[in-house]
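The file work.pdb contains PDB, C-alpha atoms:
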```
ATOM      1  CA  MET X 299      77.079-134.708 -37.613
ATOM      2  CA  ILE X 300      73.587-135.481 -38.962
ATOM      3  CA  LEU X 301      74.694-138.913 -40.192
ATOM      4  CA  GLU X 302      76.074-139.695 -36.733
ATOM      5  CA  GLN X 303      72.783-138.692 -35.104
ATOM      6  CA  ILE X 304      70.835-140.864 -37.561
ATOM      7  CA  CYS X 305      73.057-143.851 -36.747
ATOM      8  CA  ILE X 306      72.639-143.314 -32.996
ATOM      9  CA  THR X 307      68.861-142.995 -33.406
ATOM     10  CA  ASN X 308      68.614-146.181 -35.493
ATOM     11  CA  GLU X 309      70.732-148.065 -32.966
ATOM     12  CA  SER X 310      68.501-146.831 -30.131
ATOM     13  CA  ILE X 311      65.400-147.960 -32.014
ATOM     14  CA  ARG X 312      66.950-151.384 -32.578
ATOM     15  CA  GLU X 313      67.842-151.745 -28.891
ATOM     16  CA  LEU X 314      64.382-150.673 -27.742
ATOM     17  CA  GLU X 315      62.665-153.062 -30.167
ATOM     18  CA  GLU X 316      64.890-155.869 -28.898
ATOM     19  CA  TYR X 317      63.995-154.961 -25.311
ATOM     20  CA  PHE X 318      60.294-154.930 -26.216
ATOM     21  CA  ASN X 319      60.532-158.329 -27.917
ATOM     22  CA  ASN X 320      62.319-159.828 -24.903
ATOM     23  CA  HIS X 321      60.112-158.359 -22.183
ATOM     24  CA  GLY X 322      56.709-157.688 -23.760
ATOM     25  CA  SER X 323      54.017-160.353 -23.840
ATOM     26  CA  HIS X 324      53.591-162.486 -26.958
ATOM     27  CA  SER X 325      50.062-161.188 -27.506
ATOM     28  CA  ALA X 326      51.316-157.578 -27.355
ATOM     29  CA  ARG X 327      53.954-158.387 -29.980
ATOM     30  CA  VAL X 328      51.326-160.039 -32.202
ATOM     31  CA  ILE X 329      48.992-157.046 -31.955
ATOM     32  CA  ASP X 330      51.841-154.643 -32.719
ATOM     33  CA  LYS X 331      52.919-156.740 -35.731
ATOM     34  CA  VAL X 332      49.409-157.004 -37.177
ATOM     35  CA  LEU X 333      48.779-153.291 -36.693
ATOM     36  CA  LYS X 334      52.007-152.356 -38.495
ATOM     37  CA  ARG X 335      51.242-154.844 -41.276
ATOM     38  CA  ASN X 336      48.019-152.916 -41.869
ATOM     39  CA  GLY X 337      49.637-149.483 -41.783
ATOM     40  CA  VAL X 338      48.842-148.621 -38.162
ATOM     41  CA  ASP X 339      51.776-147.710 -35.905
ATOM     42  CA  GLN X 340      50.733-147.059 -32.320
ATOM     43  CA  ALA X 341      54.337-146.321 -31.396
ATOM     44  CA  THR X 342      54.230-143.170 -33.542
ATOM     45  CA  TYR X 343      52.544-141.257 -30.731
ATOM     46  CA  PHE X 344      53.137-140.952 -26.993
ATOM     47  CA  LYS X 345      51.774-143.608 -24.626
ATOM     48  CA  GLY X 346      51.092-145.966 -27.532
ATOM     49  CA  ALA X 347      47.889-144.174 -28.502
ATOM     50  CA  ILE X 348      46.469-144.564 -31.999
ATOM     51  CA  VAL X 349      45.479-141.135 -33.239
ATOM     52  CA  GLY X 350      45.262-139.050 -36.396
ATOM     53  CA  ASN X 351      45.436-140.846 -39.736
ATOM     54  CA  HIS X 352      46.473-144.075 -38.011
ATOM     55  CA  CYS X 353      43.147-144.009 -36.170
ATOM     56  CA  MET X 354      41.257-143.729 -39.454
ATOM     57  CA  THR X 355      43.326-146.515 -41.014
ATOM     58  CA  PHE X 356      42.620-148.718 -37.993
ATOM     59  CA  ALA X 357      38.874-148.163 -38.421
ATOM     60  CA  GLN X 358      39.020-148.773 -42.167
ATOM     61  CA  LYS X 359      41.018-152.000 -41.831
ATOM     62  CA  GLY X 360      39.444-153.136 -38.571
ATOM     63  CA  ASN X 361      38.135-156.391 -40.032
ATOM     64  CA  GLN X 362      41.564-157.362 -41.385
ATOM     65  CA  ILE X 363      43.314-156.332 -38.179
ATOM     66  CA  TYR X 364      41.077-158.305 -35.812
ATOM     67  CA  SER X 365      41.048-161.314 -38.153
ATOM     68  CA  GLY X 366      44.850-161.169 -38.325
ATOM     69  CA  ILE X 367      45.205-161.052 -34.540
ATOM     70  CA  LEU X 368      42.801-163.983 -34.127
ATOM     71  CA  GLU X 369      44.634-165.980 -36.789
ATOM     72  CA  GLU X 370      47.952-165.482 -34.954
ATOM     73  CA  LEU X 371      46.735-166.131 -31.406
ATOM     74  CA  GLU X 372      44.091-168.841 -31.758
ATOM     75  CA  PRO X 373      46.477-171.714 -32.683
ATOM     76  CA  ILE X 374      48.591-171.224 -29.548
ATOM     77  CA  ILE X 375      45.642-171.070 -27.119
ATOM     78  CA  GLU X 376      44.847-174.488 -25.639
ATOM     79  CA  ASN X 377      41.925-173.538 -23.402
ATOM     80  CA  ALA X 378      38.697-174.095 -25.370
ATOM     81  CA  SER X 379      36.744-171.582 -23.289
ATOM     82  CA  LEU X 380      39.366-168.887 -23.845
ATOM     83  CA  LYS X 381      39.358-169.610 -27.583
ATOM     84  CA  SER X 382      35.601-169.175 -27.665
ATOM     85  CA  GLU X 383      35.851-165.885 -25.771
ATOM     86  CA  LEU X 384      38.542-164.630 -28.155
ATOM     87  CA  ARG X 385      36.385-165.459 -31.202
ATOM     88  CA  ASP X 386      33.364-163.743 -29.651
ATOM     89  CA  PHE X 387      35.384-160.674 -28.713
ATOM     90  CA  THR X 388      36.863-160.521 -32.217
ATOM     91  CA  GLU X 389      33.473-160.586 -33.941
ATOM     92  CA  ARG X 390      32.052-158.008 -31.548
ATOM     93  CA  MET X 391      34.990-155.650 -32.095
ATOM     94  CA  LYS X 392      34.713-156.044 -35.874
ATOM     95  CA  ALA X 393      31.108-154.856 -35.636
ATOM     96  CA  ILE X 394      32.083-151.889 -33.446
ATOM     97  CA  VAL X 395      34.941-150.791 -35.684
ATOM     98  CA  ALA X 396      32.817-151.115 -38.845
ATOM     99  CA  VAL X 397      30.232-148.685 -37.439
ATOM    100  CA  TRP X 398      32.961-146.460 -35.999
ATOM    101  CA  TYR X 399      34.483-146.131 -39.474
ATOM    102  CA  LYS X 400      31.157-144.934 -40.907
ATOM    103  CA  VAL X 401      30.888-142.320 -38.144
ATOM    104  CA  GLN X 402      34.483-141.193 -38.661
ATOM    105  CA  ARG X 403      34.026-140.724 -42.398
ATOM    106  CA  VAL X 404      31.307-138.160 -41.760
ATOM    107  CA  ILE X 405      33.281-136.461 -38.978
ATOM    108  CA  LYS X 406      36.383-136.066 -41.141
ATOM    109  CA  SER X 407      34.613-135.139 -44.373
ATOM    110  CA  THR X 408      34.894-131.487 -45.400
ATOM    111  CA  GLU X 409      31.910-131.854 -47.747
ATOM    112  CA  LYS X 410      28.423-130.613 -46.904
ATOM    113  CA  GLN X 411      26.383-133.648 -45.847
ATOM    114  CA  SER X 412      22.930-134.457 -47.200
ATOM    115  CA  ILE X 413      19.912-134.888 -44.922
ATOM    116  CA  GLU X 414      20.069-138.629 -45.603
ATOM    117  CA  SER X 415      23.750-138.735 -44.614
ATOM    118  CA  ILE X 416      23.073-136.804 -41.403
ATOM    119  CA  ASN X 417      20.196-139.106 -40.478
ATOM    120  CA  GLN X 418      22.445-142.108 -41.142
ATOM    121  CA  PHE X 419      25.124-140.508 -38.939
ATOM    122  CA  GLU X 420      22.583-140.338 -36.104
ATOM    123  CA  GLU X 421      21.621-143.996 -36.609
ATOM    124  CA  ASN X 422      25.264-145.093 -36.719
ATOM    125  CA  THR X 423      26.107-143.099 -33.576
ATOM    126  CA  ASN X 424      23.215-144.704 -31.690
ATOM    127  CA  GLU X 425      24.238-148.155 -32.926
ATOM    128  CA  LEU X 426      27.841-147.521 -31.860
ATOM    129  CA  ARG X 427      26.663-146.474 -28.386
ATOM    130  CA  ILE X 428      24.613-149.665 -28.043
ATOM    131  CA  LEU X 429      27.472-151.910 -29.211
ATOM    132  CA  ILE X 430      30.001-150.274 -26.861
ATOM    133  CA  ASN X 431      27.649-150.409 -23.874
ATOM    134  CA  LYS X 432      26.945-154.060 -24.607
ATOM    135  CA  ILE X 433      30.593-155.125 -24.760
ATOM    136  CA  CYS X 434      31.586-153.000 -21.726
ATOM    137  CA  LYS X 435      28.573-153.407 -19.441
ATOM    138  CA  ASP X 436      25.629-155.524 -20.542
ATOM    139  CA  ASP X 437      27.287-158.575 -22.111
ATOM    140  CA  VAL X 438      31.055-158.624 -21.496
ATOM    141  CA  PRO X 439      32.522-161.348 -23.762
ATOM    142  CA  ILE X 440      35.597-162.182 -21.645
ATOM    143  CA  SER X 441      35.243-163.597 -18.126
ATOM    144  CA  GLY X 442      37.005-161.502 -15.511
ATOM    145  CA  TRP X 443      37.409-158.531 -17.853
ATOM    146  CA  LYS X 444      36.098-155.275 -16.386
ATOM    147  CA  PRO X 445      36.294-152.583 -19.089
ATOM    148  CA  ARG X 446      35.473-148.983 -18.213
ATOM    149  CA  LEU X 447      33.589-146.552 -20.399
ATOM    150  CA  THR X 448      35.620-143.506 -21.376
ATOM    151  CA  ARG X 449      34.903-140.066 -19.919
ATOM    152  CA  SER X 450      36.780-138.258 -22.680
ATOM    153  CA  LEU X 451      35.585-134.979 -24.149
ATOM    154  CA  LYS X 452      35.366-136.465 -27.646
ATOM    155  CA  ALA X 453      33.116-139.286 -26.468
ATOM    156  CA  HIS X 454      30.883-136.764 -24.703
ATOM    157  CA  LEU X 455      30.625-134.612 -27.834
ATOM    158  CA  LEU X 456      29.736-137.629 -29.976
ATOM    159  CA  PHE X 457      27.383-139.573 -27.725
ATOM    160  CA  GLY X 458      25.913-136.510 -26.024
ATOM    161  CA  GLY X 459      24.509-135.371 -29.364
ATOM    162  CA  HIS X 460      26.625-132.222 -29.656
ATOM    163  CA  LEU X 461      28.235-133.260 -32.943
ATOM    164  CA  LEU X 462      24.875-134.257 -34.377
ATOM    165  CA  ARG X 463      23.384-130.847 -33.521
ATOM    166  CA  GLN X 464      26.348-129.093 -35.089
ATOM    167  CA  LEU X 465      26.074-131.304 -38.166
ATOM    168  CA  ARG X 466      22.390-130.498 -38.575
ATOM    169  CA  GLU X 467      23.096-126.782 -38.080
ATOM    170  CA  TRP X 468      26.102-126.416 -40.398
ATOM    171  CA  GLY X 469      25.962-129.507 -42.594
ATOM    172  CA  THR X 470      29.608-130.395 -41.921
ATOM    173  CA  LEU X 471      32.029-131.306 -39.152
ATOM    174  CA  GLY X 472      35.301-131.758 -41.011
ATOM    175  CA  GLY X 473      34.803-128.461 -42.793
ATOM    176  CA  ILE X 474      35.175-126.544 -39.533
ATOM    177  CA  ASP X 475      38.710-125.777 -38.367
ATOM    178  CA  GLU X 476      39.592-127.934 -35.362
ATOM    179  CA  GLN X 477      41.656-125.141 -33.833
ATOM    180  CA  ASN X 478      38.450-123.222 -33.157
ATOM    181  CA  ILE X 479      37.463-125.695 -30.443
ATOM    182  CA  GLU X 480      40.892-126.583 -29.007
ATOM    183  CA  SER X 481      40.245-124.323 -26.003
ATOM    184  CA  ALA X 482      37.408-126.660 -25.020
ATOM    185  CA  HIS X 483      39.977-129.231 -23.834
ATOM    186  CA  ALA X 484      41.281-126.884 -21.147
ATOM    187  CA  ILE X 485      37.760-125.981 -20.026
ATOM    188  CA  TRP X 486      36.735-129.645 -19.877
ATOM    189  CA  ASN X 487      39.832-130.678 -17.905
ATOM    190  CA  LYS X 488      39.254-127.831 -15.454
ATOM    191  CA  LEU X 489      35.672-128.996 -14.865
ATOM    192  CA  LEU X 490      36.847-132.577 -14.327
ATOM    193  CA  ARG X 491      39.330-131.395 -11.682
ATOM    194  CA  GLN X 492      36.790-129.079 -10.061
ATOM    195  CA  PHE X 493      33.991-131.640  -9.789
ATOM    196  CA  GLY X 494      36.107-134.812  -9.787
ATOM    197  CA  ALA X 495      35.071-135.747  -6.243
ATOM    198  CA  THR X 496      31.337-135.366  -6.885
ATOM    199  CA  ARG X 497      30.771-137.188 -10.174
ATOM    200  CA  GLY X 498      29.439-140.710 -10.322
ATOM    201  CA  LYS X 499      30.992-143.767 -11.960
ATOM    202  CA  GLU X 500      30.204-142.317 -15.371
ATOM    203  CA  LEU X 501      30.251-138.709 -16.515
TER
END
```
Here is the file; what I need is its structure written in the form of structure tokens.
Amino acid sequence: MILEQICITNESIRELEEYFNNHGSHSARVIDKVLKRNGVDQATYFKGAIVGNHCMTFAQKGNQIYSGILEELEPIIENASLKSELRDFTERMKAIVAVWYKVQRVIKSTEKQSIESINQFEENTNELRILINKICKDDVPISGWKPRLTRSLKAHLLFGGHLLRQLREWGTLGGIDEQNIESAHAIWNKLLRQFGATRGKEL
């Protein structure tokens, strides 16, 4: 019975991958291939999100991932302007992911952080904010691209200074059980629904 279910599951996976390869864009297939080659599988989670350990791996190997995607796509792009935009975007994203990895290491660490480490966390968070704002608003590297800044709870906690205050107070973020703050998601979502019609373009 179990063997039969495994066979059916494997066959379904094969059929879905074949469907994806036939109907997905070439660039999407390249990105998926490079991610998997570097140990990141966005298909592991619903809606293709990269979360958990895959998120950390993505940050750690961001330079290799973006270089790999550029290496695969650049030779098949004929438009010189588009090539230039792709190179610019790649370098900008490498810089963002490099800083993001430094921030994540502190967030996930269960060790008590030194004053120097906490101060560096603040600097890295501010740098990350500047880099993201630049690529999304101030100096968009791809013509016609209109990225939107996230209104997620996690982004608010990071860029609103809440994590920094907690880090200065307790000396750790990863050492605190995540389940203690899970209820905040429900509260946040309720507030978004309640005041959704009155907020501006950005929360």
I'd like the box whose edges run along x, y and z of the file and which contains every listed atom of region 443-447 of chain X, padded by 5 Å per side; could you state its centre and edge lengths in Å, one decimal, as lines of an AutoDock Vina configuration file?
```
center_x = 35.5
center_y = -152.5
center_z = -18.4
size_x = 13.8
size_y = 22.0
size_z = 14.0
```
Close residues, Ile348 (chain X) itself excluded, 12 Å, all atoms listed in the file, min 5 positions apart in chain, as a list in words: Asp330, Leu333, Lys334, Gly337, Val338, Asp339, Gln340, Ala341, Thr342, Tyr343, Cys353, Met354, Thr355, Phe356 and Ala357 of chain X
Shell of 8 Å around Ser407 (chain X), all atoms listed in the file, local chain residues under 3 positions omitted, as an mmCIF file with C-alpha atoms, in the frame of the given file:
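Written file, out_20.cif:
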```
data_model
loop_
_atom_site.group_PDB
_atom_site.id
_atom_site.type_symbol
_atom_site.label_atom_id
_atom_site.label_comp_id
_atom_site.auth_asym_id
_atom_site.auth_seq_id
_atom_site.Cartn_x
_atom_site.Cartn_y
_atom_site.Cartn_z
ATOM 1 C CA ARG X 403 34.026 -140.724 -42.398
ATOM 2 C CA VAL X 404 31.307 -138.160 -41.760
ATOM 3 C CA THR X 470 29.608 -130.395 -41.921
ATOM 4 C CA LEU X 471 32.029 -131.306 -39.152
ATOM 5 C CA GLY X 472 35.301 -131.758 -41.011
ATOM 6 C CA GLY X 473 34.803 -128.461 -42.793
#
```
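Taking CA of Ile374 (chain X) and CA of Val328 (chain X) as the two end points, the separation is 11.8 Å.
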- request: Expand the PyMOL selection byres ((chain X and resi 441) around 10) into the individual residues it matches in the shown file, reporting them as a list in words.
  value: Ser379, Leu380, Glu383, Val438, Pro439, Ile440, Gly442, Trp443 and Lys444 of chain X
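Nearest-residue note for Gly350 (chain X): choosing from X:Ile430, X:Gln303, X:Lys406, X:Lys400, the minimum distance belongs to X:Lys406, counting all atoms listed in the file.
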field: Long-range neighbours of Tyr399 (chain X) as a ChimeraX atom specification, 6 Å cut-off, only C-alpha atoms, 3 positions minimum in chain
entry: /X:357-358,396,402
query: How would you write, as a ChimeraX atom specification, the residues chosen by the PyMOL selection byres ((chain X and resi 420) around 10) on this structure?
result: /X:401,414-419,421-426,456-457,459,461-463,465
What does the file look like for those residues with C-alpha atoms, as a PDB file, in the coordinates of the input?
```
ATOM      1  CA  VAL X 401      30.888-142.320 -38.144  1.00  0.00           C
ATOM      2  CA  GLU X 414      20.069-138.629 -45.603  1.00  0.00           C
ATOM      3  CA  SER X 415      23.750-138.735 -44.614  1.00  0.00           C
ATOM      4  CA  ILE X 416      23.073-136.804 -41.403  1.00  0.00           C
ATOM      5  CA  ASN X 417      20.196-139.106 -40.478  1.00  0.00           C
ATOM      6  CA  GLN X 418      22.445-142.108 -41.142  1.00  0.00           C
ATOM      7  CA  PHE X 419      25.124-140.508 -38.939  1.00  0.00           C
ATOM      8  CA  GLU X 421      21.621-143.996 -36.609  1.00  0.00           C
ATOM      9  CA  ASN X 422      25.264-145.093 -36.719  1.00  0.00           C
ATOM     10  CA  THR X 423      26.107-143.099 -33.576  1.00  0.00           C
ATOM     11  CA  ASN X 424      23.215-144.704 -31.690  1.00  0.00           C
ATOM     12  CA  GLU X 425      24.238-148.155 -32.926  1.00  0.00           C
ATOM     13  CA  LEU X 426      27.841-147.521 -31.860  1.00  0.00           C
ATOM     14  CA  LEU X 456      29.736-137.629 -29.976  1.00  0.00           C
ATOM     15  CA  PHE X 457      27.383-139.573 -27.725  1.00  0.00           C
ATOM     16  CA  GLY X 459      24.509-135.371 -29.364  1.00  0.00           C
ATOM     17  CA  LEU X 461      28.235-133.260 -32.943  1.00  0.00           C
ATOM     18  CA  LEU X 462      24.875-134.257 -34.377  1.00  0.00           C
ATOM     19  CA  ARG X 463      23.384-130.847 -33.521  1.00  0.00           C
ATOM     20  CA  LEU X 465      26.074-131.304 -38.166  1.00  0.00           C
TER      21      LEU X 465
END
```
- request: I would like the residues chosen by the PyMOL selection byres ((chain X and resi 388) around 9) on the shown file; could you give them as JSON, numbers by chain?
  value: {"X": [361, 364, 365, 367, 368, 383, 384, 385, 386, 387, 389, 390, 391, 392, 393]}
message: Between CA of Gly360 (chain X) and CA of Val397 (chain X), what is the distance in Å, rounded to a tenth?
response: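 Calculated distance between CA of Gly360 (chain X) and CA of Val397 (chain X) is 10.3 Å.
Here CA of Leu451 (chain X) is placed at a distance of 8.6 Å from CA of Ala482 (chain X).
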field: Nearest residue to Gln411 (chain X) from the set X:Gln464, X:Gln492, X:Thr448, X:Asn377 (distances using all atoms listed in the file)
entry: X:Gln464
statement: Of X:Ile413, X:Ile394, X:Ile405, X:Val349, the one nearest to Ile433 (chain X) when counting only C-alpha atoms is X:Ile394
